[in-house]
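Peer 1: Next up, work.pdb (PDB, C-alpha atoms).
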```
ATOM      1  CA  MET A1078     -35.883  20.584  -2.443
ATOM      2  CA  SER A1079     -32.611  21.995  -1.144
ATOM      3  CA  GLN A1080     -29.163  20.425  -1.445
ATOM      4  CA  GLU A1081     -29.342  19.551   2.260
ATOM      5  CA  ASP A1082     -32.419  17.393   1.590
ATOM      6  CA  VAL A1083     -30.703  15.466  -1.205
ATOM      7  CA  GLY A1084     -27.742  14.246   0.855
ATOM      8  CA  ILE A1085     -24.155  14.335  -0.268
ATOM      9  CA  ASP A1086     -23.126  16.119  -3.453
ATOM     10  CA  LEU A1087     -20.822  13.556  -5.048
ATOM     11  CA  GLU A1088     -18.994  16.185  -7.102
ATOM     12  CA  THR A1089     -17.775  17.928  -3.942
ATOM     13  CA  SER A1090     -17.823  15.105  -1.356
ATOM     14  CA  VAL A1091     -14.268  14.639  -0.087
ATOM     15  CA  GLY A1092     -15.000  11.035   0.837
ATOM     16  CA  TYR A1093     -16.370  10.226  -2.604
ATOM     17  CA  LEU A1094     -13.511  12.013  -4.363
ATOM     18  CA  LEU A1095     -10.962  10.134  -2.227
ATOM     19  CA  LYS A1096     -12.635   6.827  -3.097
ATOM     20  CA  GLU A1097     -12.642   7.742  -6.781
ATOM     21  CA  ALA A1098      -8.956   8.741  -6.610
ATOM     22  CA  ALA A1099      -8.101   5.520  -4.750
ATOM     23  CA  SER A1100      -9.915   3.477  -7.381
ATOM     24  CA  ALA A1101      -8.122   5.238 -10.247
ATOM     25  CA  LEU A1102      -4.782   4.843  -8.448
ATOM     26  CA  ARG A1103      -5.404   1.135  -7.874
ATOM     27  CA  PHE A1104      -6.305   0.604 -11.546
ATOM     28  CA  ALA A1105      -3.143   2.427 -12.713
ATOM     29  CA  MET A1106      -0.911   0.576 -10.230
ATOM     30  CA  GLU A1107      -2.350  -2.788 -11.248
ATOM     31  CA  ALA A1108      -1.653  -1.924 -14.888
ATOM     32  CA  VAL A1109       2.062  -1.299 -14.245
ATOM     33  CA  LEU A1110       2.552  -4.131 -11.745
ATOM     34  CA  ARG A1111       0.756  -6.874 -13.688
ATOM     35  CA  PRO A1112       3.491  -7.146 -16.378
ATOM     36  CA  LEU A1113       6.001  -7.569 -13.542
ATOM     37  CA  GLY A1114       4.009 -10.504 -12.183
ATOM     38  CA  MET A1115       2.961  -8.576  -9.098
ATOM     39  CA  SER A1116      -0.242  -7.528  -7.434
ATOM     40  CA  ILE A1117      -0.574  -4.403  -5.321
ATOM     41  CA  THR A1118      -0.482  -6.537  -2.173
ATOM     42  CA  HIS A1119       2.651  -8.316  -3.444
ATOM     43  CA  TYR A1120       4.317  -4.956  -4.075
ATOM     44  CA  SER A1121       3.135  -3.516  -0.733
ATOM     45  CA  CYS A1122       4.556  -6.479   1.146
ATOM     46  CA  LEU A1123       7.967  -6.134  -0.523
ATOM     47  CA  GLU A1124       8.012  -2.363   0.041
ATOM     48  CA  LEU A1125       7.130  -2.775   3.726
ATOM     49  CA  LEU A1126       9.901  -5.332   4.162
ATOM     50  CA  ALA A1127      12.430  -3.076   2.451
ATOM     51  CA  GLN A1128      11.595  -0.269   4.851
ATOM     52  CA  ARG A1129      11.035  -2.402   7.963
ATOM     53  CA  PRO A1130      12.967  -5.692   7.717
ATOM     54  CA  GLY A1131      11.904  -8.467  10.048
ATOM     55  CA  LEU A1132       8.196  -7.684  10.211
ATOM     56  CA  SER A1133       5.920 -10.535  11.200
ATOM     57  CA  SER A1134       3.122 -11.836   9.019
ATOM     58  CA  SER A1135       0.560 -10.025  11.177
ATOM     59  CA  GLU A1136       2.439  -6.729  10.922
ATOM     60  CA  LEU A1137       2.722  -7.121   7.157
ATOM     61  CA  ALA A1138      -1.002  -7.875   6.885
ATOM     62  CA  ARG A1139      -1.877  -4.685   8.788
ATOM     63  CA  GLY A1140       0.527  -2.633   6.682
ATOM     64  CA  ALA A1141      -0.802  -4.024   3.400
ATOM     65  CA  PHE A1142      -4.470  -3.816   4.488
ATOM     66  CA  VAL A1143      -5.180  -7.539   4.070
ATOM     67  CA  THR A1144      -6.111 -10.388   6.393
ATOM     68  CA  ARG A1145      -3.464 -12.455   8.156
ATOM     69  CA  GLN A1146      -4.608 -15.479   6.201
ATOM     70  CA  SER A1147      -4.128 -13.685   2.870
ATOM     71  CA  MET A1148      -0.702 -12.481   3.949
ATOM     72  CA  ASN A1149       0.340 -15.990   5.014
ATOM     73  CA  VAL A1150      -0.595 -17.342   1.574
ATOM     74  CA  LEU A1151       1.310 -14.505  -0.118
ATOM     75  CA  LEU A1152       4.385 -14.991   2.082
ATOM     76  CA  GLN A1153       4.480 -18.692   1.267
ATOM     77  CA  ALA A1154       4.428 -17.847  -2.450
ATOM     78  CA  LEU A1155       7.061 -15.111  -2.064
ATOM     79  CA  GLU A1156       9.293 -17.475  -0.124
ATOM     80  CA  ARG A1157       8.805 -20.264  -2.686
ATOM     81  CA  ASP A1158       9.682 -17.815  -5.501
ATOM     82  CA  GLY A1159      12.811 -16.597  -3.687
ATOM     83  CA  PHE A1160      11.679 -13.022  -2.925
ATOM     84  CA  VAL A1161      11.698 -13.353   0.874
ATOM     85  CA  SER A1162      13.255 -15.573   3.485
ATOM     86  CA  ARG A1163      11.991 -16.654   6.879
ATOM     87  CA  PRO A1164      13.722 -18.816   9.452
ATOM     88  CA  GLN A1165      12.528 -22.409   9.940
ATOM     89  CA  HIS A1166      11.993 -21.715  13.646
ATOM     90  CA  ALA A1167      11.071 -18.501  15.422
ATOM     91  CA  PRO A1168      14.097 -16.902  17.125
ATOM     92  CA  GLU A1169      11.797 -16.093  20.044
ATOM     93  CA  GLY A1170       8.115 -16.720  20.610
ATOM     94  CA  ARG A1171       6.142 -17.795  17.550
ATOM     95  CA  VAL A1172       6.917 -14.898  15.211
ATOM     96  CA  LEU A1173       8.816 -15.736  12.025
ATOM     97  CA  PRO A1174      10.515 -12.497  10.951
ATOM     98  CA  THR A1175      10.527 -12.003   7.180
ATOM     99  CA  GLU A1176      13.302 -10.393   5.145
ATOM    100  CA  LEU A1177      13.819  -9.585   1.480
ATOM    101  CA  THR A1178      16.295 -11.615  -0.512
ATOM    102  CA  GLU A1179      18.536 -10.064  -3.168
ATOM    103  CA  LEU A1180      16.048 -11.222  -5.813
ATOM    104  CA  GLY A1181      13.247  -9.565  -3.839
ATOM    105  CA  ARG A1182      15.217  -6.310  -3.637
ATOM    106  CA  SER A1183      15.954  -6.246  -7.350
ATOM    107  CA  ARG A1184      12.316  -6.957  -8.316
ATOM    108  CA  LEU A1185      11.146  -4.353  -5.811
ATOM    109  CA  ALA A1186      13.422  -1.728  -7.379
ATOM    110  CA  VAL A1187      11.746  -2.246 -10.765
ATOM    111  CA  ALA A1188       8.260  -2.209  -9.243
ATOM    112  CA  SER A1189       9.001   0.902  -7.167
ATOM    113  CA  ARG A1190      10.043   2.830 -10.273
ATOM    114  CA  ALA A1191       6.790   1.817 -11.974
ATOM    115  CA  VAL A1192       4.671   2.813  -8.970
ATOM    116  CA  ARG A1193       6.557   6.095  -8.602
ATOM    117  CA  GLY A1194       5.697   6.832 -12.236
ATOM    118  CA  VAL A1195       2.000   6.291 -11.483
ATOM    119  CA  GLU A1196       2.190   8.597  -8.460
ATOM    120  CA  ASP A1197       4.010  11.227 -10.524
ATOM    121  CA  LEU A1198       1.272  11.023 -13.159
ATOM    122  CA  MET A1199      -1.408  11.337 -10.494
ATOM    123  CA  ARG A1200       0.175  14.554  -9.188
ATOM    124  CA  SER A1201       1.174  15.938 -12.600
ATOM    125  CA  GLY A1202      -1.655  18.488 -12.644
ATOM    126  CA  LEU A1203      -0.524  19.986  -9.344
ATOM    127  CA  ALA A1204       1.944  22.783  -8.752
ATOM    128  CA  PRO A1205       5.014  21.798  -6.677
ATOM    129  CA  ALA A1206       3.619  23.480  -3.552
ATOM    130  CA  GLU A1207       0.288  21.709  -4.053
ATOM    131  CA  ARG A1208       2.069  18.348  -4.325
ATOM    132  CA  ASP A1209       3.686  18.892  -0.941
ATOM    133  CA  GLN A1210       0.460  20.163   0.554
ATOM    134  CA  LEU A1211      -1.522  17.162  -0.708
ATOM    135  CA  GLY A1212       0.578  14.750   1.340
ATOM    136  CA  VAL A1213       0.387  16.918   4.448
ATOM    137  CA  LEU A1214      -3.383  17.312   4.163
ATOM    138  CA  LEU A1215      -4.026  13.614   3.571
ATOM    139  CA  ALA A1216      -1.860  12.710   6.580
ATOM    140  CA  LYS A1217      -3.885  15.156   8.704
ATOM    141  CA  CYS A1218      -7.122  13.536   7.507
ATOM    142  CA  VAL A1219      -5.849  10.097   8.510
ATOM    143  CA  THR A1220      -4.759  11.369  11.923
ATOM    144  CA  SER A1221      -8.117  13.025  12.548
ATOM    145  CA  LEU A1222     -10.084   9.918  11.606
ATOM    146  CA  ARG A1223      -7.899   7.602  13.672
ATOM    147  CA  SER A1224      -8.050   9.835  16.731
ATOM    148  CA  GLY A1225     -11.815  10.227  16.473
ATOM    149  CA  GLN A1226     -11.609  13.964  16.939
ATOM    150  CA  SER A1227     -14.087  16.200  15.227
ATOM    151  CA  PRO A1228     -13.396  19.832  14.310
TER     152      PRO A1228
END
```
What is this file in structure tokens?
Peer 2:
Amino acid sequence: MSQEDVGIDLETSVGYLLKEAASALRFAMEAVLRPLGMSITHYSCLELLAQRPGLSSSELARGAFVTRQSMNVLLQALERDGFVSRPQHAPEGRVLPTELTELGRSRLAVASRAVRGVEDLMRSGLAPAERDQLGVLLAKCVTSLRSGQSP
């Protein structure tokens, strides 16, 4: 029986290796965020708001890869805990733009340092040129999959 008959070789499958890397990254990020009282989604939401203030709940959900319902629950908790603020009434339409508070910014700074440490560890076995190339190659993979183009 040839390798073609068996299916995918998990040791060399890019998809499998990406899933394994994503799983290891998630585990490591959870380990550094948990003591800060944050989940990965919590952190992602704060990071998105720092980079794109005023995003709606739907936009945040897409950016954090969660459902709108999950994001609404998270935003209510973040607002209750003083990390974000939203107006009582939508300035236009039905969208309530969300912004970080000073408390949210300070907690995000601590979490970002922790996450950056995890990413640095993940890339520690790579040469500087390989580190740069990794990001470029992954971005190309995403673009190819989203555009539906095949080689």
Peer 1: Please, what distance in Å, to one decimal, runs between atom CA of Leu1155 of chain A and atom CA of Thr1118 of chain A?
Peer 2: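 Computed distance, atom CA of Leu1155 of chain A to atom CA of Thr1118 of chain A, equals 11.4 Å.
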Peer 1: Using all atoms listed in the file, can you tell me which of A:Leu1123, A:Leu1185, A:Leu1222, A:Met1199 comes closest to Ser1162 of chain A?
Peer 2: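 Looking only at the distances to Ser1162 of chain A, the closest residue turns out to be A:Leu1123.
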Peer 1: Can you measure atom CA of Ala1105 of chain A to atom CA of Arg1200 of chain A for me? One decimal in Å is fine.
Peer 2: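 Separation between atom CA of Ala1105 of chain A and atom CA of Arg1200 of chain A: 13.1 Å.
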Peer 1: Work out how far apart atom CA of Glu1179 of chain A and atom CA of Glu1124 of chain A are and give it in Å to one decimal.
Peer 2: 13.4 Å
Peer 1: Could you expand the PyMOL selection byres ((chain A and resi 1113) around 10) into the explicit residues it covers here, written as an mmCIF file with C-alpha atoms, in the frame of the given file?
Peer 2:
```cif
data_model
loop_
_atom_site.group_PDB
_atom_site.id
_atom_site.type_symbol
_atom_site.label_atom_id
_atom_site.label_comp_id
_atom_site.auth_asym_id
_atom_site.auth_seq_id
_atom_site.Cartn_x
_atom_site.Cartn_y
_atom_site.Cartn_z
ATOM 1 C CA GLU A 1107 -2.350 -2.788 -11.248
ATOM 2 C CA ALA A 1108 -1.653 -1.924 -14.888
ATOM 3 C CA VAL A 1109 2.062 -1.299 -14.245
ATOM 4 C CA LEU A 1110 2.552 -4.131 -11.745
ATOM 5 C CA ARG A 1111 0.756 -6.874 -13.688
ATOM 6 C CA PRO A 1112 3.491 -7.146 -16.378
ATOM 7 C CA GLY A 1114 4.009 -10.504 -12.183
ATOM 8 C CA MET A 1115 2.961 -8.576 -9.098
ATOM 9 C CA SER A 1116 -0.242 -7.528 -7.434
ATOM 10 C CA TYR A 1120 4.317 -4.956 -4.075
ATOM 11 C CA ARG A 1184 12.316 -6.957 -8.316
ATOM 12 C CA LEU A 1185 11.146 -4.353 -5.811
ATOM 13 C CA VAL A 1187 11.746 -2.246 -10.765
ATOM 14 C CA ALA A 1188 8.260 -2.209 -9.243
ATOM 15 C CA ALA A 1191 6.790 1.817 -11.974
#
```
Peer 1: Which residue gives the smallest distance to Gly1212 of chain A among A:Ser1224, A:Met1148, A:Glu1196, A:Ala1138, with all atoms listed in the file counted?
Peer 2: A:Glu1196
Peer 1: Taking the file above as input, evaluate the PyMOL selection byres ((chain A and resi 1177) around 12) and report the hits as a VMD selection string.
Peer 2: chain A and resid 1120 1122 to 1132 1152 1155 to 1156 1158 to 1163 1174 to 1176 1178 to 1186
Peer 1: Out of A:Thr1089, A:Ser1147, A:Thr1220, A:Ser1121, which residue has the shortest atom-to-atom distance to Ser1135 of chain A when counting only C-alpha atoms?
Peer 2: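 For Ser1135 of chain A, the nearest of the candidates is A:Ser1147.
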Peer 1: Pick out the residues sitting within 10 Å of segment 1091-1095 of chain A, and hand them over as a PDB file with C-alpha atoms, keeping the file's coordinate frame; count all atoms listed in the file, and ignore anything fewer than 6 positions along from it in its own chain.
Peer 2:
```
ATOM      1  CA  ILE A1085     -24.155  14.335  -0.268  1.00  0.00           C
ATOM      2  CA  ALA A1101      -8.122   5.238 -10.247  1.00  0.00           C
ATOM      3  CA  LEU A1215      -4.026  13.614   3.571  1.00  0.00           C
TER       4      LEU A1215
END
```
Peer 1: Please put the answer as JSON: centre and edge lengths, in Å with one decimal, of a box along x, y and z that encloses all listed atoms of segment 1111-1114 of chain A plus 4 Å on each side.
Peer 2:
```
{"center_x": 3.4, "center_y": -8.7, "center_z": -14.3, "size_x": 13.2, "size_y": 11.6, "size_z": 12.2}
```
